[in-house]
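> Here you go, upload32.cif (mmCIF, C-alpha atoms):
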data_run
#
loop_
_atom_site.label_atom_id
_atom_site.label_comp_id
_atom_site.auth_asym_id
_atom_site.auth_seq_id
_atom_site.Cartn_x
_atom_site.Cartn_y
_atom_site.Cartn_z
CA MET A 1 16.92 -7.57 146.94
CA SER A 2 20.12 -9.25 147.94
CA HIS A 3 22.21 -11.78 146.09
CA GLY A 4 20.16 -15.00 145.60
CA ASP A 5 16.78 -13.44 146.38
CA ALA A 6 14.01 -13.63 143.82
CA PRO A 7 12.59 -10.47 142.27
CA ARG A 8 9.47 -9.04 143.86
CA PRO A 9 6.11 -10.56 142.85
CA PRO A 10 4.58 -9.19 139.64
CA GLN A 11 1.55 -6.93 139.61
CA ARG A 12 -0.27 -9.04 137.00
CA PRO A 13 -1.94 -12.39 137.70
CA LEU A 14 0.20 -15.36 136.76
CA PRO A 15 -0.55 -19.08 136.68
CA PRO A 16 0.33 -20.73 139.99
CA ARG A 17 3.78 -22.28 140.40
CA SER A 18 5.09 -20.56 137.31
CA VAL A 19 7.96 -18.52 136.01
CA THR A 20 6.89 -16.30 133.13
CA ILE A 21 9.29 -14.58 130.77
CA ARG A 22 7.40 -11.68 129.20
CA CYS A 23 8.69 -10.13 125.98
CA ARG A 24 8.18 -6.38 126.18
CA ILE A 25 7.54 -4.55 122.91
CA ASP A 26 10.87 -3.14 121.71
CA GLY A 27 12.33 -3.88 125.11
CA PRO A 28 13.77 -6.47 127.47
CA LEU A 29 12.66 -9.89 128.60
CA VAL A 30 10.93 -9.47 131.97
CA VAL A 31 11.12 -12.42 134.36
CA GLU A 32 8.08 -12.86 136.61
CA LEU A 33 7.59 -15.47 139.34
CA SER A 34 4.10 -16.26 140.57
CA PRO A 35 3.56 -15.26 144.22
CA ASP A 36 3.35 -18.88 145.38
CA CYS A 37 6.94 -19.42 144.20
CA TYR A 38 8.01 -17.21 147.09
CA ASP A 39 5.84 -19.21 149.50
CA LEU A 40 7.47 -22.40 148.21
CA GLY A 41 10.90 -20.94 148.90
CA LEU A 42 11.91 -20.86 145.25
CA SER A 43 14.41 -18.28 144.10
CA LEU A 44 15.70 -17.09 140.78
CA ARG A 45 19.32 -17.36 139.65
CA VAL A 46 20.93 -15.91 136.54
CA THR A 47 24.17 -17.63 135.60
CA ASP A 48 26.82 -17.18 132.94
CA HIS A 49 27.87 -19.90 130.50
CA GLU A 50 30.29 -21.33 133.07
CA GLY A 51 27.70 -21.47 135.87
CA GLY A 52 28.88 -18.34 137.70
CA GLU A 53 25.99 -16.52 139.33
CA HIS A 54 25.23 -12.88 138.49
CA PRO A 55 24.12 -10.83 141.52
CA LEU A 56 20.51 -9.82 140.96
CA PRO A 57 19.76 -6.09 140.74
CA ASP A 58 18.53 -4.57 143.98
CA ASP A 59 16.53 -1.68 142.54
CA GLY A 60 13.01 -2.93 143.39
CA ARG A 61 11.97 -3.29 139.75
CA PRO A 62 11.03 -6.54 138.00
CA LEU A 63 14.03 -8.44 136.67
CA ALA A 64 14.61 -7.44 133.03
CA LEU A 65 17.10 -9.18 130.76
CA CYS A 66 18.69 -7.25 127.89
CA ARG A 67 17.89 -8.41 124.38
CA CYS A 68 19.12 -5.41 122.39
CA GLY A 69 22.77 -6.16 123.17
CA HIS A 70 23.64 -2.59 124.19
CA SER A 71 23.14 -2.65 127.97
CA ALA A 72 26.15 -1.68 130.05
CA ARG A 73 24.77 -4.04 132.75
CA LYS A 74 24.45 -7.23 130.68
CA PRO A 75 22.77 -9.59 131.08
CA PHE A 76 20.39 -7.12 132.71
CA CYS A 77 18.58 -4.29 130.93
CA ASP A 78 19.63 -0.69 131.60
CA GLY A 79 17.21 0.95 129.13
CA ALA A 80 19.77 1.27 126.31
CA HIS A 81 17.18 -0.13 123.87
CA LYS A 82 15.38 3.23 124.09
CA THR A 83 18.42 5.07 122.67
CA ILE A 84 19.06 2.86 119.62
CA PRO A 85 16.98 1.66 116.69
CA PHE A 86 15.92 -1.62 118.34
CA THR A 87 12.65 -3.35 117.53
CA ALA A 88 11.29 -6.61 118.84
CA ARG A 89 7.59 -7.22 118.32
CA GLN A 90 7.31 -10.96 117.91
CA ILE A 91 3.88 -12.39 118.70
CA ALA A 92 3.47 -15.87 120.13
CA PRO A 93 1.79 -18.32 117.76
CA SER A 94 -1.90 -18.97 118.29
CA PRO A 95 -2.66 -22.25 120.01
CA SER A 96 -3.61 -24.77 117.37
CA ALA A 97 -6.46 -27.21 117.55
CA PRO A 98 -5.47 -30.64 118.82
CA ASP A 99 -4.48 -33.02 116.06
CA VAL A 100 -7.29 -35.35 115.06
CA PRO A 101 -6.01 -38.55 113.50
CA SER A 102 -7.17 -39.23 109.95
CA ALA A 103 -8.93 -42.50 109.15
CA ASP A 104 -5.68 -44.24 108.23
CA GLN A 105 -4.02 -43.02 111.46
CA THR A 106 -6.81 -44.11 113.80
CA PRO A 107 -5.50 -46.66 116.30
CA THR A 108 -6.65 -50.15 115.43
CA GLY A 109 -6.89 -53.43 117.26
CA PRO A 110 -5.28 -56.69 116.10
CA LEU A 111 -8.36 -57.74 114.07
CA ASP A 112 -8.58 -54.42 112.21
CA GLU A 113 -4.87 -54.57 111.42
CA HIS A 114 -5.30 -58.08 109.97
CA LYS A 115 -8.13 -56.83 107.70
CA ARG A 116 -5.98 -53.99 106.32
CA ASN A 117 -2.85 -56.11 105.89
CA PRO A 118 -3.85 -59.69 105.11
CA PRO A 119 -1.09 -62.32 105.40
#
Write out the structure in this file as structure tokens.

Amino acid sequence: MSHGDAPRPPQRPLPPRSVTIRCRIDGPLVVELSPDCYDLGLSLRVTDHEGGEHPLPDDGRPLALCRCGHSARKPFCDGAHKTIPFTARQIAPSPSAPDVPSADQTPTGPLDEHKRNPP
């Protein structure tokens, strides 16, 4: 993979037209582009706080971003998390049921509003 190219497509199914950042247990953040992103000509860039672009690794593996803080290749992962006491096991929140308005929050028309708030 050369500078400016996107990482290779992931082996797991992803929603179309998506970029997924997968949190690995006790490991890095793995960036995955759906295969159609490549067909659309989209590419991935990793920039520093000033907008300078980091060359993407060319090792054929999925792009992994360090989150332990000990990688010698920051912002990319080099596996240092395996040699230190680093844990990261956050679970995404469960999707909640859609909010159902209570009786006093139900949208009303002009006549209903007049009944609740007489002049």
> Of the candidates A:Arg45, A:Arg24, A:Arg12, A:Arg73, which shows the shortest atom-to-atom distance to Gln90 of chain A, using all atoms listed in the file?
A:Arg24
> Output the residue selection produced by the PyMOL selection byres ((chain A and resi 63-72) around 9) on the file above, formatted as a PDB file with C-alpha atoms, in the frame of the given file.

ATOM      1  CA  ALA A   6      14.010 -13.630 143.820  1.00  0.00           C
ATOM      2  CA  PRO A   7      12.590 -10.470 142.270  1.00  0.00           C
ATOM      3  CA  ARG A   8       9.470  -9.040 143.860  1.00  0.00           C
ATOM      4  CA  ASP A  26      10.870  -3.140 121.710  1.00  0.00           C
ATOM      5  CA  GLY A  27      12.330  -3.880 125.110  1.00  0.00           C
ATOM      6  CA  PRO A  28      13.770  -6.470 127.470  1.00  0.00           C
ATOM      7  CA  LEU A  29      12.660  -9.890 128.600  1.00  0.00           C
ATOM      8  CA  VAL A  30      10.930  -9.470 131.970  1.00  0.00           C
ATOM      9  CA  VAL A  31      11.120 -12.420 134.360  1.00  0.00           C
ATOM     10  CA  GLU A  32       8.080 -12.860 136.610  1.00  0.00           C
ATOM     11  CA  LEU A  56      20.510  -9.820 140.960  1.00  0.00           C
ATOM     12  CA  PRO A  57      19.760  -6.090 140.740  1.00  0.00           C
ATOM     13  CA  GLY A  60      13.010  -2.930 143.390  1.00  0.00           C
ATOM     14  CA  ARG A  61      11.970  -3.290 139.750  1.00  0.00           C
ATOM     15  CA  PRO A  62      11.030  -6.540 138.000  1.00  0.00           C
ATOM     16  CA  ARG A  73      24.770  -4.040 132.750  1.00  0.00           C
ATOM     17  CA  LYS A  74      24.450  -7.230 130.680  1.00  0.00           C
ATOM     18  CA  PRO A  75      22.770  -9.590 131.080  1.00  0.00           C
ATOM     19  CA  PHE A  76      20.390  -7.120 132.710  1.00  0.00           C
ATOM     20  CA  CYS A  77      18.580  -4.290 130.930  1.00  0.00           C
ATOM     21  CA  ASP A  78      19.630  -0.690 131.600  1.00  0.00           C
ATOM     22  CA  GLY A  79      17.210   0.950 129.130  1.00  0.00           C
ATOM     23  CA  ALA A  80      19.770   1.270 126.310  1.00  0.00           C
ATOM     24  CA  HIS A  81      17.180  -0.130 123.870  1.00  0.00           C
ATOM     25  CA  ILE A  84      19.060   2.860 119.620  1.00  0.00           C
ATOM     26  CA  PHE A  86      15.920  -1.620 118.340  1.00  0.00           C
ATOM     27  CA  THR A  87      12.650  -3.350 117.530  1.00  0.00           C
ATOM     28  CA  ALA A  88      11.290  -6.610 118.840  1.00  0.00           C
TER      29      ALA A  88
END
> Just the residues within 12 Å of Pro13 of chain A, please, counting all atoms listed in the file, with nothing from its chain fewer than 4 positions along; format it as a short mmCIF file (atom, residue, chain, number, x, y, z; two decimals) with C-alpha atoms, in the coordinates of the input.

data_model
loop_
_atom_site.label_atom_id
_atom_site.label_comp_id
_atom_site.auth_asym_id
_atom_site.auth_seq_id
_atom_site.Cartn_x
_atom_site.Cartn_y
_atom_site.Cartn_z
CA PRO A 9 6.11 -10.56 142.85
CA ARG A 17 3.78 -22.28 140.40
CA SER A 18 5.09 -20.56 137.31
CA VAL A 19 7.96 -18.52 136.01
CA THR A 20 6.89 -16.30 133.13
CA GLU A 32 8.08 -12.86 136.61
CA LEU A 33 7.59 -15.47 139.34
CA SER A 34 4.10 -16.26 140.57
CA PRO A 35 3.56 -15.26 144.22
CA ASP A 36 3.35 -18.88 145.38
#
> Point out the residue among A:Pro15, A:Pro95, A:Pro55, A:Pro85 with the least atom-to-atom distance to Cys37 of chain A, counting only C-alpha atoms.
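Going through A:Pro15, A:Pro95, A:Pro55, A:Pro85 one by one, the smallest distance to Cys37 of chain A is for A:Pro15.
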> Could you tell me how far atom CA of Glu53 of chain A lies from atom CA of Thr83 of chain A, in Å and to one decimal?
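Rounded to one decimal, the two atoms are 28.3 Å apart.
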